[in-house]
$ cat input33.txt   # compact mmCIF, C-alpha atoms and all ligand atoms
# COMPACT_ATOMS: atom_id res chain seq x y z
CA MET A 1 -209.91 95.09 -27.94
CA SER A 2 -212.57 95.47 -30.61
CA GLY A 3 -214.97 92.60 -31.26
CA PHE A 4 -214.34 91.05 -27.89
CA GLN A 5 -216.89 91.95 -25.27
CA PRO A 6 -215.72 91.12 -21.76
CA GLU A 7 -219.05 92.29 -20.32
CA LYS A 8 -220.85 89.59 -22.32
CA ILE A 9 -218.25 86.99 -21.39
CA ARG A 10 -218.52 87.92 -17.69
CA VAL A 11 -222.10 86.64 -17.72
CA ASP A 12 -220.80 83.12 -18.43
CA PHE A 13 -218.84 83.10 -15.16
CA PRO A 14 -221.17 82.80 -12.15
CA THR A 15 -218.45 83.78 -9.66
CA LEU A 16 -218.22 87.21 -11.26
CA SER A 17 -221.80 87.99 -10.29
CA ARG A 18 -221.06 87.73 -6.58
CA ARG A 19 -220.04 90.70 -4.53
CA VAL A 20 -216.83 90.68 -2.57
CA ARG A 21 -216.46 93.01 0.42
CA ASP A 22 -219.65 94.60 -0.84
CA ARG A 23 -218.07 95.51 -4.16
CA ARG A 24 -218.00 94.24 -7.72
CA LEU A 25 -215.46 91.42 -7.85
CA VAL A 26 -212.38 92.31 -9.87
CA TYR A 27 -210.67 88.98 -10.36
CA LEU A 28 -207.01 89.43 -11.31
CA ASP A 29 -205.57 86.18 -10.01
CA ASN A 30 -206.03 84.26 -13.22
CA ALA A 31 -202.50 82.91 -13.31
CA ALA A 32 -203.29 81.02 -10.11
CA SER A 33 -206.61 79.68 -11.45
CA THR A 34 -209.12 81.00 -13.92
CA LEU A 35 -212.78 81.13 -12.97
CA LYS A 36 -215.11 78.53 -14.45
CA PRO A 37 -217.72 79.27 -17.10
CA ARG A 38 -221.27 77.98 -16.80
CA PRO A 39 -220.93 75.38 -19.64
CA VAL A 40 -218.05 73.68 -17.79
CA ILE A 41 -219.96 73.60 -14.49
CA ASP A 42 -223.11 72.36 -16.22
CA ARG A 43 -221.25 69.67 -18.14
CA MET A 44 -219.74 68.27 -14.96
CA THR A 45 -223.12 68.34 -13.24
CA ARG A 46 -224.64 66.49 -16.19
CA TYR A 47 -221.99 63.80 -15.89
CA TYR A 48 -222.81 63.36 -12.20
CA GLU A 49 -226.57 63.42 -12.82
CA ASP A 50 -226.85 61.37 -16.01
CA GLU A 51 -223.70 59.50 -16.84
CA VAL A 52 -221.93 58.75 -13.58
CA SER A 53 -219.96 55.52 -13.75
CA ASN A 54 -216.41 54.33 -13.86
CA VAL A 55 -214.64 54.28 -17.21
CA HIS A 56 -213.06 51.48 -19.24
CA ARG A 57 -214.53 48.77 -17.00
CA GLY A 58 -218.30 48.43 -16.91
CA ALA A 59 -220.28 46.41 -19.41
CA HIS A 60 -223.37 48.54 -18.88
CA TYR A 61 -224.89 51.55 -20.61
CA LEU A 62 -223.75 54.23 -18.14
CA ALA A 63 -220.16 52.98 -18.13
CA GLU A 64 -220.21 53.11 -21.89
CA GLN A 65 -221.52 56.69 -21.89
CA GLY A 66 -218.94 57.78 -19.31
CA THR A 67 -216.12 56.18 -21.27
CA ILE A 68 -217.24 57.81 -24.50
CA ALA A 69 -217.33 61.24 -22.82
CA TYR A 70 -213.94 60.72 -21.14
CA GLU A 71 -212.28 59.63 -24.39
CA ALA A 72 -214.00 62.45 -26.29
CA ALA A 73 -212.35 64.87 -23.85
CA ARG A 74 -208.97 63.32 -24.62
CA ALA A 75 -209.60 63.73 -28.35
CA LYS A 76 -210.50 67.40 -27.77
CA VAL A 77 -207.27 67.97 -25.87
CA ALA A 78 -205.27 66.24 -28.63
CA ALA A 79 -206.82 68.46 -31.31
CA PHE A 80 -206.39 71.58 -29.13
CA ILE A 81 -202.65 71.06 -28.72
CA GLY A 82 -202.03 69.66 -32.19
CA ALA A 83 -200.98 66.17 -31.00
CA ALA A 84 -200.61 63.54 -33.70
CA SER A 85 -203.02 61.25 -31.84
CA PRO A 86 -205.15 61.13 -28.64
CA ALA A 87 -202.82 58.32 -27.49
CA GLU A 88 -200.22 61.02 -26.88
CA VAL A 89 -202.45 62.69 -24.28
CA VAL A 90 -202.15 61.35 -20.73
CA PHE A 91 -204.56 62.66 -18.13
CA THR A 92 -202.89 63.54 -14.84
CA ARG A 93 -203.82 65.62 -11.79
CA GLY A 94 -202.11 68.71 -13.18
CA THR A 95 -198.85 70.19 -14.43
CA THR A 96 -197.03 69.12 -11.29
CA GLU A 97 -197.97 65.49 -11.69
CA SER A 98 -197.23 65.58 -15.42
CA ILE A 99 -193.68 66.79 -14.81
CA ASN A 100 -193.15 64.30 -11.97
CA LEU A 101 -194.37 61.55 -14.28
CA VAL A 102 -191.69 62.38 -16.86
CA ALA A 103 -189.01 62.70 -14.19
CA GLN A 104 -189.91 59.43 -12.49
CA THR A 105 -190.33 57.37 -15.68
CA TYR A 106 -188.36 58.86 -18.56
CA GLY A 107 -185.86 60.35 -16.14
CA ARG A 108 -185.28 57.20 -14.14
CA ALA A 109 -184.91 55.10 -17.29
CA ASN A 110 -182.64 57.47 -19.19
CA LEU A 111 -180.54 59.53 -16.78
CA ASN A 112 -177.14 58.32 -15.66
CA ALA A 113 -174.24 59.61 -13.62
CA GLY A 114 -172.75 62.72 -15.18
CA ASP A 115 -175.81 63.55 -17.29
CA GLU A 116 -177.17 67.07 -17.12
CA ILE A 117 -180.66 68.49 -16.93
CA LEU A 118 -180.94 72.17 -17.85
CA VAL A 119 -183.68 74.04 -16.00
CA SER A 120 -184.18 77.77 -16.28
CA GLU A 121 -184.00 80.13 -13.33
CA LEU A 122 -187.54 81.34 -13.94
CA GLU A 123 -189.21 77.99 -13.46
CA HIS A 124 -192.05 77.28 -11.09
CA HIS A 125 -190.90 74.95 -8.29
CA SER A 126 -192.82 72.15 -9.97
CA ASN A 127 -190.38 72.33 -12.88
CA ILE A 128 -187.32 72.35 -10.61
CA VAL A 129 -187.85 70.03 -7.65
CA PRO A 130 -188.87 66.88 -9.61
CA TRP A 131 -185.62 67.23 -11.59
CA GLN A 132 -183.56 67.67 -8.45
CA MET A 133 -185.16 64.56 -6.97
CA ILE A 134 -184.47 62.31 -9.95
CA ALA A 135 -181.04 63.83 -10.56
CA GLY A 136 -180.11 63.05 -6.95
CA GLU A 137 -181.24 59.48 -7.39
CA ARG A 138 -179.47 58.93 -10.71
CA GLY A 139 -176.26 60.85 -10.06
CA ALA A 140 -177.20 63.41 -12.70
CA ARG A 141 -176.82 67.16 -12.31
CA VAL A 142 -179.37 69.98 -12.57
CA ARG A 143 -177.89 73.13 -14.05
CA ALA A 144 -179.65 76.49 -14.02
CA ILE A 145 -180.08 78.44 -17.25
CA PRO A 146 -179.64 82.10 -16.26
CA VAL A 147 -182.33 84.72 -16.63
CA THR A 148 -181.61 88.24 -17.93
CA ASP A 149 -182.42 91.43 -16.00
CA SER A 150 -185.59 91.83 -18.03
CA GLY A 151 -186.78 88.39 -16.96
CA GLU A 152 -186.09 86.32 -20.06
CA ILE A 153 -184.35 82.98 -20.25
CA ASP A 154 -180.89 83.88 -21.56
CA PHE A 155 -180.59 82.05 -24.88
CA ALA A 156 -176.89 82.77 -25.31
CA ALA A 157 -176.13 81.37 -21.85
CA TYR A 158 -178.35 78.38 -22.63
CA SER A 159 -176.42 77.70 -25.83
CA ARG A 160 -173.19 77.72 -23.84
CA LEU A 161 -174.59 75.26 -21.28
CA LEU A 162 -175.83 72.78 -23.89
CA SER A 163 -173.49 69.88 -24.51
CA THR A 164 -173.56 66.18 -25.23
CA ARG A 165 -173.98 65.70 -21.46
CA THR A 166 -177.38 67.44 -21.65
CA ARG A 167 -180.07 64.78 -21.59
CA LEU A 168 -183.07 66.94 -20.74
CA VAL A 169 -184.11 70.59 -20.91
CA ALA A 170 -187.09 71.74 -18.82
CA ILE A 171 -188.46 75.21 -19.51
CA SER A 172 -191.63 77.23 -19.14
CA TRP A 173 -193.28 78.59 -22.21
CA CYS A 174 -194.63 81.43 -20.12
CA SER A 175 -193.45 82.51 -16.68
CA ASN A 176 -196.14 82.52 -14.00
CA ALA A 177 -194.25 85.12 -11.99
CA LEU A 178 -193.43 87.64 -14.73
CA GLY A 179 -195.46 86.70 -17.78
CA THR A 180 -192.35 86.37 -19.99
CA VAL A 181 -193.09 84.30 -23.09
CA THR A 182 -190.15 82.18 -24.22
CA ASP A 183 -189.39 81.32 -27.83
CA VAL A 184 -189.75 77.64 -27.02
CA LYS A 185 -189.11 76.46 -30.57
CA ALA A 186 -185.60 77.97 -30.58
CA PHE A 187 -184.82 76.24 -27.27
CA VAL A 188 -186.18 72.95 -28.59
CA ASP A 189 -184.15 73.11 -31.80
CA ALA A 190 -180.94 73.84 -29.89
CA ALA A 191 -181.61 70.99 -27.45
CA HIS A 192 -182.35 68.52 -30.23
CA ALA A 193 -179.11 69.49 -31.94
CA VAL A 194 -177.21 67.97 -28.98
CA GLY A 195 -179.60 65.02 -28.64
CA ALA A 196 -181.46 66.31 -25.54
CA ARG A 197 -185.21 65.97 -24.90
CA VAL A 198 -187.35 68.96 -24.00
CA VAL A 199 -190.13 69.20 -21.44
CA VAL A 200 -192.28 72.32 -21.85
CA ASP A 201 -194.23 73.64 -18.88
CA ALA A 202 -197.24 75.17 -20.61
CA ALA A 203 -199.24 75.86 -17.42
CA GLN A 204 -199.25 79.59 -18.19
CA ALA A 205 -199.29 79.35 -21.97
CA ILE A 206 -202.17 77.04 -22.77
CA GLN A 207 -204.81 79.67 -21.89
CA HIS A 208 -203.12 82.50 -23.81
CA LEU A 209 -201.31 81.09 -26.84
CA GLU A 210 -202.14 78.74 -29.68
CA THR A 211 -200.44 75.44 -28.92
CA ASP A 212 -199.16 73.14 -31.62
CA VAL A 213 -196.88 70.51 -30.12
CA GLN A 214 -195.84 69.28 -33.55
CA ALA A 215 -194.83 72.76 -34.70
CA LEU A 216 -193.00 73.34 -31.39
CA ASP A 217 -191.42 69.91 -31.89
CA CYS A 218 -191.25 69.46 -28.09
CA ASP A 219 -190.95 65.99 -26.59
CA PHE A 220 -193.23 66.55 -23.60
CA LEU A 221 -195.64 69.32 -22.66
CA ALA A 222 -197.59 69.75 -19.43
CA PHE A 223 -200.55 71.87 -18.36
CA SER A 224 -203.34 72.06 -15.77
CA GLY A 225 -207.08 72.21 -16.41
CA HIS A 226 -207.79 74.78 -13.72
CA LYS A 227 -205.75 77.49 -15.45
CA VAL A 228 -207.67 77.13 -18.71
CA TYR A 229 -211.25 77.54 -17.39
CA GLY A 230 -211.45 73.87 -16.47
CA PRO A 231 -211.83 72.09 -13.15
CA TYR A 232 -209.29 71.22 -10.49
CA GLY A 233 -207.75 67.78 -10.29
CA ILE A 234 -207.10 67.34 -14.00
CA GLY A 235 -204.04 68.03 -16.09
CA VAL A 236 -202.37 66.81 -19.23
CA LEU A 237 -199.07 65.34 -20.16
CA TYR A 238 -198.43 65.34 -23.87
CA GLY A 239 -195.63 63.02 -24.90
CA ARG A 240 -194.36 61.94 -28.29
CA ALA A 241 -195.84 58.50 -28.92
CA GLU A 242 -192.51 56.73 -29.38
CA LEU A 243 -191.19 58.16 -26.10
CA LEU A 244 -194.32 57.28 -24.12
CA GLU A 245 -194.26 53.78 -25.58
CA ALA A 246 -190.67 53.24 -24.50
CA MET A 247 -191.15 54.66 -21.00
CA PRO A 248 -191.87 52.45 -18.00
CA PRO A 249 -195.21 53.04 -16.26
CA TYR A 250 -195.57 55.66 -13.52
CA GLN A 251 -197.92 54.00 -11.04
CA GLY A 252 -199.12 50.43 -10.97
CA GLY A 253 -202.72 49.33 -10.52
CA GLY A 254 -205.95 48.78 -12.37
CA SER A 255 -206.52 50.08 -15.90
CA MET A 256 -202.80 50.31 -16.76
CA ILE A 257 -202.27 46.62 -17.40
CA SER A 258 -202.74 44.27 -20.27
CA GLU A 259 -202.38 41.08 -18.22
CA VAL A 260 -201.40 40.46 -14.62
CA ALA A 261 -199.75 37.28 -13.43
CA PHE A 262 -197.40 36.66 -10.55
CA GLU A 263 -194.83 35.44 -13.06
CA LYS A 264 -195.08 38.47 -15.32
CA THR A 265 -197.36 41.47 -15.78
CA THR A 266 -197.73 43.27 -19.08
CA TYR A 267 -198.92 46.81 -19.53
CA ALA A 268 -201.70 48.45 -21.50
CA PRO A 269 -200.88 50.50 -24.58
CA ILE A 270 -200.41 54.26 -24.21
CA PRO A 271 -201.99 56.36 -22.81
CA GLN A 272 -203.69 53.86 -20.43
CA LYS A 273 -200.28 52.62 -19.31
CA PHE A 274 -199.90 55.91 -17.44
CA GLU A 275 -203.42 56.14 -16.02
CA ALA A 276 -203.48 53.67 -13.14
CA GLY A 277 -206.64 53.54 -11.07
CA THR A 278 -209.89 55.42 -11.46
CA PRO A 279 -209.14 58.73 -13.16
CA SER A 280 -210.70 62.12 -12.51
CA ILE A 281 -213.50 61.40 -14.95
CA SER A 282 -215.78 64.38 -14.39
CA ALA A 283 -212.80 66.73 -14.40
CA ALA A 284 -211.53 65.35 -17.71
CA ILE A 285 -214.99 65.82 -19.20
CA GLY A 286 -215.09 69.34 -17.74
CA LEU A 287 -211.72 70.08 -19.31
CA GLY A 288 -213.16 68.99 -22.65
CA SER A 289 -215.93 71.58 -22.19
CA ALA A 290 -213.41 74.23 -21.22
CA ILE A 291 -211.61 73.57 -24.48
CA ASP A 292 -214.89 73.92 -26.39
CA TYR A 293 -215.37 77.23 -24.61
CA VAL A 294 -211.91 78.52 -25.54
CA ASN A 295 -212.32 77.33 -29.13
CA ALA A 296 -215.64 79.18 -29.39
CA LEU A 297 -213.99 82.42 -28.21
CA GLY A 298 -210.97 81.79 -30.43
CA LEU A 299 -207.43 81.86 -29.08
CA GLY A 300 -206.47 84.55 -31.58
CA ASN A 301 -209.22 86.82 -30.17
CA ILE A 302 -208.20 85.94 -26.62
CA GLU A 303 -204.58 86.84 -27.37
CA ALA A 304 -205.54 90.17 -28.91
CA HIS A 305 -207.86 91.06 -26.02
CA GLU A 306 -205.30 90.13 -23.39
CA ARG A 307 -202.56 92.02 -25.21
CA GLY A 308 -204.72 95.14 -24.99
CA LEU A 309 -205.20 94.56 -21.27
CA LEU A 310 -201.49 94.00 -20.72
CA GLU A 311 -200.60 97.23 -22.50
CA ALA A 312 -203.24 99.19 -20.60
CA ALA A 313 -202.25 97.67 -17.24
CA THR A 314 -198.55 98.30 -17.87
CA ARG A 315 -199.25 101.96 -18.68
CA ALA A 316 -201.62 102.38 -15.73
CA LEU A 317 -199.31 100.76 -13.20
CA ARG A 318 -196.28 102.69 -14.41
CA SER A 319 -198.18 105.87 -13.57
CA VAL A 320 -198.54 104.86 -9.90
CA PRO A 321 -195.90 106.66 -7.81
CA GLY A 322 -193.34 104.35 -6.21
CA LEU A 323 -194.44 101.27 -8.17
CA ARG A 324 -191.88 99.25 -10.12
CA ILE A 325 -192.84 96.57 -12.63
CA ILE A 326 -190.63 93.49 -12.43
CA GLY A 327 -189.94 91.85 -15.77
CA ASP A 328 -190.11 93.91 -18.94
CA SER A 329 -189.63 91.40 -21.71
CA PRO A 330 -191.18 92.60 -24.99
CA ARG A 331 -192.96 89.24 -25.20
CA LYS A 332 -195.30 88.77 -22.27
CA ALA A 333 -198.64 87.20 -21.52
CA ALA A 334 -201.14 89.32 -19.57
CA ILE A 335 -199.32 89.13 -16.25
CA VAL A 336 -197.88 92.16 -14.45
CA SER A 337 -195.63 91.64 -11.44
CA PHE A 338 -194.68 94.63 -9.36
CA VAL A 339 -193.23 95.94 -6.12
CA PHE A 340 -193.80 99.16 -4.25
CA ASP A 341 -191.22 101.21 -2.40
CA GLY A 342 -191.72 100.57 1.29
CA ILE A 343 -194.81 98.32 1.09
CA HIS A 344 -194.57 94.56 1.34
CA PRO A 345 -196.35 92.76 -1.53
CA SER A 346 -198.63 90.91 0.89
CA ASP A 347 -199.78 94.27 2.32
CA ILE A 348 -200.54 95.42 -1.22
CA GLY A 349 -202.60 92.26 -1.70
CA SER A 350 -204.56 92.86 1.50
CA LEU A 351 -205.19 96.53 0.74
CA VAL A 352 -206.54 95.97 -2.76
CA ASP A 353 -208.59 93.05 -1.46
CA GLN A 354 -210.49 95.61 0.65
CA GLU A 355 -211.62 97.05 -2.70
CA GLY A 356 -212.85 93.66 -3.96
CA ILE A 357 -209.76 93.13 -6.13
CA ALA A 358 -208.12 89.71 -6.12
CA ILE A 359 -204.41 89.68 -6.92
CA ARG A 360 -201.60 87.42 -5.81
CA ALA A 361 -198.65 88.33 -3.60
CA GLY A 362 -195.67 86.19 -2.73
CA HIS A 363 -192.82 84.33 -4.37
CA HIS A 364 -195.18 82.63 -6.84
CA CYS A 365 -193.45 79.28 -6.27
CA ALA A 366 -190.43 80.73 -8.05
CA GLN A 367 -187.94 81.39 -5.27
CA PRO A 368 -184.82 81.07 -7.47
CA LEU A 369 -186.27 83.73 -9.79
CA MET A 370 -187.08 86.07 -6.90
CA ARG A 371 -183.51 85.65 -5.63
CA ARG A 372 -182.12 86.34 -9.09
CA LEU A 373 -184.17 89.52 -9.43
CA GLY A 374 -183.29 90.65 -5.92
CA VAL A 375 -186.84 90.80 -4.54
CA PRO A 376 -188.29 88.62 -1.78
CA ALA A 377 -191.71 88.62 -3.40
CA THR A 378 -193.91 90.56 -5.82
CA ALA A 379 -197.56 91.47 -6.20
CA ARG A 380 -199.01 90.04 -9.38
CA ALA A 381 -202.07 90.97 -11.41
CA SER A 382 -202.97 88.48 -14.11
CA PHE A 383 -205.70 89.08 -16.67
CA SER A 384 -208.14 86.92 -18.56
CA VAL A 385 -210.96 86.92 -21.09
CA TYR A 386 -213.52 88.46 -18.72
CA ASN A 387 -211.32 91.32 -17.57
CA SER A 388 -211.82 94.80 -18.95
CA LEU A 389 -210.28 98.25 -18.93
CA GLU A 390 -212.61 98.96 -16.01
CA ASP A 391 -210.76 96.29 -14.02
CA VAL A 392 -207.41 97.83 -14.95
CA GLU A 393 -208.63 101.22 -13.74
CA ALA A 394 -210.00 99.67 -10.51
CA LEU A 395 -206.56 98.19 -9.82
CA ARG A 396 -204.73 101.43 -10.60
CA SER A 397 -206.92 103.48 -8.33
CA ALA A 398 -206.73 100.89 -5.50
CA LEU A 399 -202.93 100.95 -5.77
CA VAL A 400 -202.83 104.73 -5.60
CA LYS A 401 -205.02 104.51 -2.49
CA ALA A 402 -202.76 101.81 -1.01
CA LYS A 403 -199.74 104.00 -1.60
CA GLU A 404 -201.45 106.91 0.18
CA PHE A 405 -202.30 104.63 3.09
CA PHE A 406 -198.62 103.92 3.77
N1 LIG B 501 -195.92 75.66 -13.74
C1 LIG B 501 -196.34 76.91 -13.78
C2 LIG B 501 -195.68 77.87 -14.73
C3 LIG B 501 -197.40 77.32 -12.97
O1 LIG B 501 -197.83 78.58 -13.02
C4 LIG B 501 -198.00 76.37 -12.10
C5 LIG B 501 -199.06 76.79 -11.17
O2 LIG B 501 -199.14 77.92 -10.74
C6 LIG B 501 -197.53 75.08 -12.10
C7 LIG B 501 -196.49 74.74 -12.94
C8 LIG B 501 -198.13 74.03 -11.24
O3 LIG B 501 -199.44 73.78 -11.62
P1 LIG B 501 -200.37 72.81 -10.75
O4 LIG B 501 -200.28 73.31 -9.33
O5 LIG B 501 -201.72 72.98 -11.35
O6 LIG B 501 -199.84 71.44 -10.89

$ encode --input "input33.txt" --output "structure tokens"
Amino acid sequence: MSGFQPEKIRVDFPTLSRRVRDRRLVYLDNAASTLKPRPVIDRMTRYYEDEVSNVHRGAHYLAEQGTIAYEAARAKVAAFIGAASPAEVVFTRGTTESINLVAQTYGRANLNAGDEILVSELEHHSNIVPWQMIAGERGARVRAIPVTDSGEIDFAAYSRLLSTRTRLVAISWCSNALGTVTDVKAFVDAAHAVGARVVVDAAQAIQHLETDVQALDCDFLAFSGHKVYGPYGIGVLYGRAELLEAMPPYQGGGSMISEVAFEKTTYAPIPQKFEAGTPSISAAIGLGSAIDYVNALGLGNIEAHERGLLEAATRALRSVPGLRIIGDSPRKAAIVSFVFDGIHPSDIGSLVDQEGIAIRAGHHCAQPLMRRLGVPATARASFSVYNSLEDVEALRSALVKAKEFF
């Protein structure tokens, strides 16, 4: 973890200076939401203090400033994910809305009776339920791609499921429940070989891995601002320009039209066609700042730092008597899911919370995965740029104490 100084980075995150249960906060629930650095908070405040106005509508100075900042944020996102153009970046409320948008527009226009959508067993519910909904409406079928015992999407099984009936494949780049990182490019290539489109859920990848949508060759990619040091209420749908152009709009209203008449309404060019109504302007601008923040740290440095934390946490947790790590893929982001003999995960969460340590316990919105792995729930520690070996040790010692308590 050389060169990367979490103690210096911690200072950028005001939440980390507060005490929790009269202790130093050890925040290990980063897969749920990362904390927000000062530059993001300040940038959003500046928008509200100096630039507040609606975008794409006003003729006045403030509206112009707000629109410039909003579109600059879009350009930052486009560069960050390697999109060919900012027009391929649609602002949404988050990953969930991005996936629903694809299901309700691309899905409704392109799925027919007998078509298949392949969805892996390790998906978050937001990459399962929207597909079930549109499949039900269109007479299409959702088929589950099995997961191996180590928590990876089974590529061989996937290859067997792929056929000319496959219209769409929806997979996570990184599992929120286990941390497994999928070789998305291999899945994309295999899908394209049968003429299927691929939707990548990058909610847990965008903050850990360099994203290049053109190199991945994916058709759609979704993520949320709040998991990459940005604000709530903003997310991104990347879509290949030619697909977005051909898709019908998602919601109707202001800003998404070219001309409205009772006889016929025409729509705005992409991406505005998909951004009906007043968008989450301050949040988009905040996301732009979050991207600046990540770029300044460098995703390569972030990856190396988090890999060190993952290795240390895996070693430390393995040493705790009675603890079993769930998911042991050799390619993982800094997420460790675990269960304890005889202690329910939610009790683990409550016990370590008494020590000022924030982890997550539950099914992680991945009930099919929990069922597949034969556990009702897990406890999950997820690490980020401001975490340190001290945090790993705090977790280990709190878990040993929890074990003694039971
Ligand atoms: N996909 C994955 C892998 C996630 O981890 C999450 C959130 O935890 C989501 C989708 C949904 O994200 P959001 O609730 O921000 O829409």

$ residues_around --input "input33.txt" --residues "Phe187 (chain A)" --least-positions-apart "5" --cutoff "12 Å" --atoms "only C-alpha atoms" --output "VMD selection string"
chain A and resid 118 to 120 145 153 to 159 161 to 162 168 to 173 182 192 to 194 196 to 200 216 to 219

$ residues_near_ligand --input "input33.txt" --ligand "ligand LIG 501 (chain B)" --cutoff "10 Å" --atoms "all atoms listed in the file" --output "PyMOL selection string"
chain A and resi 30-33+92-100+122-128+171-177+179+200-205+222-227+232-236+364-366

$ atom_distance --input "input33.txt" --atom1 "CA of Gln272 (chain A)" --atom2 "CA of Glu259 (chain A)"
13.0 Å

$ atom_distance --input "input33.txt" --atom1 "CA of Ala261 (chain A)" --atom2 "CA of Phe91 (chain A)"
26.3 Å

$ closest_residue --input "input33.txt" --among "A:Ala84, A:Met133, A:Ile41, A:Ala79" --to "Thr15 (chain A)" --atoms "only C-alpha atoms"
A:Ile41

$ closest_residue --input "input33.txt" --among "A:Val40, A:Glu152, A:Ala135, A:Phe13" --to "Ser329 (chain A)" --atoms "all atoms listed in the file"
A:Glu152

$ atom_distance --input "input33.txt" --atom1 "CA of Glu51 (chain A)" --atom2 "CA of Lys273 (chain A)"
24.5 Å

$ residues_around --input "input33.txt" --residues "Ala268 (chain A)" --least-positions-apart "2" --cutoff "9 Å" --atoms "all atoms listed in the file" --output "list in words"
Ser255, Met256, Ile257, Ser258, Glu259, Thr266, Ile270, Pro271, Gln272, Lys273 and Phe274 of chain A

$ closest_residue --input "input33.txt" --among "A:Met370, A:Val400, A:Ala381, A:Ala296" --to "Pro321 (chain A)" --atoms "only C-alpha atoms"
A:Val400

$ residues_around --input "input33.txt" --residues "Arg23 (chain A)" --least-positions-apart "3" --cutoff "8 Å" --atoms "all atoms listed in the file" --output "PyMOL selection string"
chain A and resi 19-20+355-356

$ write_last_selection --input "input33.txt" --atoms "C-alpha atoms" --output "compact mmCIF listing (two decimals), in the frame of the given file"
# COMPACT_ATOMS: atom_id res chain seq x y z
CA ARG A 19 -220.04 90.70 -4.53
CA VAL A 20 -216.83 90.68 -2.57
CA GLU A 355 -211.62 97.05 -2.70
CA GLY A 356 -212.85 93.66 -3.96

$ closest_residue --input "input33.txt" --among "A:Gly230, A:Ile326, A:Ser350, A:Ala290" --to "Arg372 (chain A)" --atoms "only C-alpha atoms"
A:Ile326

$ residues_near_point --input "input33.txt" --point "(-199.9, 91.4, -24.1)" --cutoff "6 Å" --atoms "all atoms listed in the file" --output "count of residues only"
6

$ closest_residue --input "input33.txt" --among "A:Gly288, A:Gly300, A:Gly277, A:Gly253" --to "Val55 (chain A)" --atoms "only C-alpha atoms"
A:Gly277

$ closest_residue --input "input33.txt" --among "A:Asp50, A:Asp42, A:Glu88, A:Asp341" --to "Ala402 (chain A)" --atoms "all atoms listed in the file"
A:Asp341
